[in-house]
Amino acid sequence: MPEYTIATLVAVVVVVVVELRWARTGIFATAQYWLAMAIVFAFQVIVDGWLTRLPDAIVRYAPQHFLGVRFPLNIPVEDFGFGFALVTATIIAWKVAERREPVS
Amino acid sequence: MRAEYLLLLAACLVITLPLEFVLGARVYRRPRRLTLAVLPVLVVFYLWDAIAIARGHWDYHPGRTSGVILPGAMPLEELAFFIVIPLCGLLTYEAVGNVLRNSRARRTRARAVGERHA
């Protein structure tokens with residue numbers, strides 16, 4: 001399997017395990033999280049689509065390091081795992097940080 | 001245009017600004033918590049990105065990026081990306097939370113009013 005594909009899968013699994021085993025914020029059981037992620041993915045298609053648009057993409061992927069499946073637009077599918085991991089990890093950290101907030 | 005990637009990220013910040021000030025996300029207004037959420041994730045993804053660049057997974061169009069290169073052969077834009085995108089994600093998450101809470105509260109109120117009139 002190509003390296004970017006593996007890295008993405010590992011990142012997604014790590015984030016899910018961190019949430020379920022350690023952080024336990026409960027976000028996966030909320031409509032708030034899934035609705036927010038649906039909106040984030042819609043906007044990812046616009047931004048990521050811009051970054052990968054041909055000709056002369058801003059970000060250029062080496063063909064041997066990803067599956068070669070570009071969908072939608074010219075976006076490598078791996079990017080959606082990357083985006084999921086990035087945003088989900090941040091939301092988990094945000095919820096964990098909430099517990100440490102001084103009560104205002 | 002060399003500022004293109006930076007302008008794209010700036011556009012993300014502008015578009016999501018109403019989430020803070022119209023939908024009451026309160027993300028910018030909690031800077032300490034925001035830092036605690038963004039910084040650890042940024043460190044991990046910076047490392048991932050630096051390794052991916054070193055291994056040749058991807059590179060960046062020199063004519064469409066600023067040319068400012070950070071440690072790990074990383075364009076300035078990537079560091080900005082790891083701040084801007086998580087920030088937009090948090091604004092979305094908090095704004096969605098407020099919208100859901102408000103609509104639930106409205107429904108509860110409407111039901112209470114309905115019961116009183118029944």
# chains A, B, ... in the order shown; residues from 1 in each chain; ligands from 1
call {"tool": "residues_around", "arguments": {"residues": "Leu42 (chain B)", "least_positions_apart": "2", "cutoff": "12 Å", "atoms": "only C-alpha atoms", "output": "MDAnalysis selection string"}}
result
(chainID A and resid 85:87 89:90 93) or (chainID B and resid 34:40 44:50 78:87)
call {"tool": "write_last_selection", "arguments": {"atoms": "C-alpha atoms", "output": "PDB file, in the first residue's frame"}}
result
ATOM      1  CA  ALA A  85      -7.846  13.313  11.598  1.00  0.00           C
ATOM      2  CA  LEU A  86      -6.776  16.982  11.735  1.00  0.00           C
ATOM      3  CA  VAL A  87     -10.177  18.446  12.584  1.00  0.00           C
ATOM      4  CA  ALA A  89      -8.112  15.661  16.846  1.00  0.00           C
ATOM      5  CA  THR A  90      -8.544  19.405  17.313  1.00  0.00           C
ATOM      6  CA  ALA A  93      -8.305  18.512  22.292  1.00  0.00           C
TER       7      ALA A  93
ATOM      8  CA  LEU B  34      -7.842  27.547  21.674  1.00  0.00           C
ATOM      9  CA  THR B  35      -4.067  27.311  22.103  1.00  0.00           C
ATOM     10  CA  LEU B  36      -4.395  24.084  24.118  1.00  0.00           C
ATOM     11  CA  ALA B  37      -6.525  22.600  21.328  1.00  0.00           C
ATOM     12  CA  VAL B  38      -4.528  23.740  18.300  1.00  0.00           C
ATOM     13  CA  LEU B  39      -0.917  23.523  19.470  1.00  0.00           C
ATOM     14  CA  PRO B  40      -0.538  19.786  20.214  1.00  0.00           C
ATOM     15  CA  VAL B  44       1.952  16.226  15.317  1.00  0.00           C
ATOM     16  CA  PHE B  45       0.767  17.293  11.856  1.00  0.00           C
ATOM     17  CA  TYR B  46       3.869  19.465  11.324  1.00  0.00           C
ATOM     18  CA  LEU B  47       5.982  16.355  11.944  1.00  0.00           C
ATOM     19  CA  TRP B  48       3.815  14.262   9.609  1.00  0.00           C
ATOM     20  CA  ASP B  49       4.075  16.918   6.922  1.00  0.00           C
ATOM     21  CA  ALA B  50       7.859  17.275   7.331  1.00  0.00           C
ATOM     22  CA  GLU B  78       1.607  24.670   5.657  1.00  0.00           C
ATOM     23  CA  LEU B  79       2.151  26.018   9.174  1.00  0.00           C
ATOM     24  CA  ALA B  80      -0.622  28.543   8.525  1.00  0.00           C
ATOM     25  CA  PHE B  81      -2.813  25.685   7.226  1.00  0.00           C
ATOM     26  CA  PHE B  82      -2.396  23.778  10.524  1.00  0.00           C
ATOM     27  CA  ILE B  83      -3.615  26.831  12.424  1.00  0.00           C
ATOM     28  CA  VAL B  84      -6.356  28.068  10.088  1.00  0.00           C
ATOM     29  CA  ILE B  85      -8.114  24.781   9.250  1.00  0.00           C
ATOM     30  CA  PRO B  86      -8.414  23.536  12.866  1.00  0.00           C
ATOM     31  CA  LEU B  87      -9.609  27.015  13.841  1.00  0.00           C
TER      32      LEU B  87
END
call {"tool": "select_by_dssp", "arguments": {"residues": "region 1-90 of chain A", "states": "helix (DSSP H, G or I)", "output": "NGL selection string"}}
result
:A and (3-23 or 27-29 or 31-51 or 63-65 or 78-90)
call {"tool": "residues_around", "arguments": {"residues": "Gly97 (chain B)", "least_positions_apart": "3", "cutoff": "6 Å", "atoms": "only C-alpha atoms", "output": "ChimeraX atom specification"}}
result
/A:32 /B:94,100
call {"tool": "atom_distance", "arguments": {"atom1": "CA of Tyr4 (chain A)", "atom2": "CA of Trp94 (chain A)"}}
result
26.7 Å
call {"tool": "interface_residues", "arguments": {"of": "chain B", "to": "chain A", "cutoff": "7 Å", "atoms": "only C-alpha atoms", "output": "list of chain:residue names"}}
result
B:Arg33, B:Leu34, B:Leu36, B:Ala37, B:Val38, B:Val41, B:Gly56, B:His57, B:Trp58, B:Asp59, B:Tyr60, B:His61, B:Arg64, B:Pro86, B:Gly89, B:Leu90, B:Thr92, B:Tyr93, B:Val96, B:Gly97
call {"tool": "decode", "arguments": {"residues": "region 27-62 of chain B", "atoms": "N, CA and C atoms", "output": "short mmCIF file (atom, residue, chain, number, x, y, z; two decimals), in the first residue's frame"}}
result
data_model
loop_
_atom_site.label_atom_id
_atom_site.label_comp_id
_atom_site.auth_asym_id
_atom_site.auth_seq_id
_atom_site.Cartn_x
_atom_site.Cartn_y
_atom_site.Cartn_z
N VAL B 27 -14.78 31.06 20.09
CA VAL B 27 -13.53 30.32 19.94
C VAL B 27 -12.35 31.30 20.07
N TYR B 28 -12.38 32.37 19.29
CA TYR B 28 -11.33 33.40 19.41
C TYR B 28 -11.32 34.00 20.81
N ARG B 29 -12.48 34.05 21.44
CA ARG B 29 -12.58 34.69 22.74
C ARG B 29 -12.18 33.78 23.89
N ARG B 30 -11.71 32.56 23.55
CA ARG B 30 -11.14 31.68 24.57
C ARG B 30 -9.72 31.30 24.13
N PRO B 31 -8.81 32.28 24.11
CA PRO B 31 -7.49 32.06 23.51
C PRO B 31 -6.66 30.97 24.20
N ARG B 32 -6.83 30.83 25.49
CA ARG B 32 -6.03 29.83 26.20
C ARG B 32 -6.47 28.42 25.78
N ARG B 33 -7.80 28.23 25.79
CA ARG B 33 -8.33 26.92 25.40
C ARG B 33 -8.04 26.64 23.92
N LEU B 34 -8.13 27.69 23.10
CA LEU B 34 -7.84 27.55 21.67
C LEU B 34 -6.40 27.09 21.45
N THR B 35 -5.48 27.69 22.22
CA THR B 35 -4.07 27.31 22.10
C THR B 35 -3.87 25.86 22.52
N LEU B 36 -4.52 25.47 23.63
CA LEU B 36 -4.39 24.08 24.12
C LEU B 36 -4.95 23.08 23.11
N ALA B 37 -5.94 23.50 22.31
CA ALA B 37 -6.52 22.60 21.33
C ALA B 37 -5.68 22.52 20.06
N VAL B 38 -5.19 23.67 19.61
CA VAL B 38 -4.53 23.74 18.30
C VAL B 38 -3.06 23.30 18.37
N LEU B 39 -2.37 23.72 19.43
CA LEU B 39 -0.92 23.52 19.47
C LEU B 39 -0.46 22.05 19.42
N PRO B 40 -1.01 21.18 20.27
CA PRO B 40 -0.54 19.79 20.21
C PRO B 40 -0.81 19.12 18.87
N VAL B 41 -1.97 19.42 18.28
CA VAL B 41 -2.32 18.84 16.98
C VAL B 41 -1.38 19.40 15.90
N LEU B 42 -1.08 20.69 16.00
CA LEU B 42 -0.17 21.32 15.05
C LEU B 42 1.21 20.64 15.07
N VAL B 43 1.71 20.35 16.27
CA VAL B 43 3.03 19.72 16.39
C VAL B 43 3.04 18.37 15.68
N VAL B 44 2.01 17.56 15.91
CA VAL B 44 1.95 16.23 15.32
C VAL B 44 1.85 16.32 13.79
N PHE B 45 0.96 17.19 13.31
CA PHE B 45 0.77 17.29 11.86
C PHE B 45 1.95 17.97 11.18
N TYR B 46 2.64 18.86 11.87
CA TYR B 46 3.87 19.47 11.32
C TYR B 46 4.90 18.36 11.09
N LEU B 47 5.02 17.46 12.08
CA LEU B 47 5.98 16.35 11.94
C LEU B 47 5.59 15.44 10.78
N TRP B 48 4.31 15.11 10.71
CA TRP B 48 3.81 14.26 9.61
C TRP B 48 4.16 14.93 8.27
N ASP B 49 3.85 16.20 8.17
CA ASP B 49 4.08 16.92 6.92
C ASP B 49 5.57 16.94 6.56
N ALA B 50 6.41 17.21 7.58
CA ALA B 50 7.86 17.28 7.33
C ALA B 50 8.38 15.92 6.84
N ILE B 51 7.89 14.84 7.45
CA ILE B 51 8.31 13.50 7.02
C ILE B 51 7.81 13.23 5.60
N ALA B 52 6.55 13.61 5.33
CA ALA B 52 5.97 13.37 4.00
C ALA B 52 6.74 14.15 2.92
N ILE B 53 7.16 15.38 3.26
CA ILE B 53 7.94 16.17 2.30
C ILE B 53 9.30 15.51 2.08
N ALA B 54 9.94 15.08 3.20
CA ALA B 54 11.25 14.44 3.11
C ALA B 54 11.19 13.16 2.28
N ARG B 55 10.09 12.42 2.39
CA ARG B 55 9.96 11.15 1.66
C ARG B 55 9.38 11.36 0.27
N GLY B 56 9.09 12.60 -0.06
CA GLY B 56 8.63 12.90 -1.41
C GLY B 56 7.17 12.56 -1.68
N HIS B 57 6.35 12.54 -0.63
CA HIS B 57 4.92 12.27 -0.85
C HIS B 57 4.27 13.40 -1.64
N TRP B 58 4.68 14.64 -1.36
CA TRP B 58 4.13 15.79 -2.09
C TRP B 58 5.14 16.92 -2.05
N ASP B 59 4.93 17.88 -2.96
CA ASP B 59 5.69 19.13 -2.88
C ASP B 59 4.79 20.28 -3.31
N TYR B 60 5.36 21.48 -3.35
CA TYR B 60 4.54 22.68 -3.53
C TYR B 60 5.02 23.47 -4.73
N HIS B 61 4.07 23.99 -5.47
CA HIS B 61 4.40 24.75 -6.68
C HIS B 61 5.14 26.03 -6.28
N PRO B 62 6.40 26.18 -6.69
CA PRO B 62 7.18 27.34 -6.25
C PRO B 62 6.59 28.68 -6.71
#
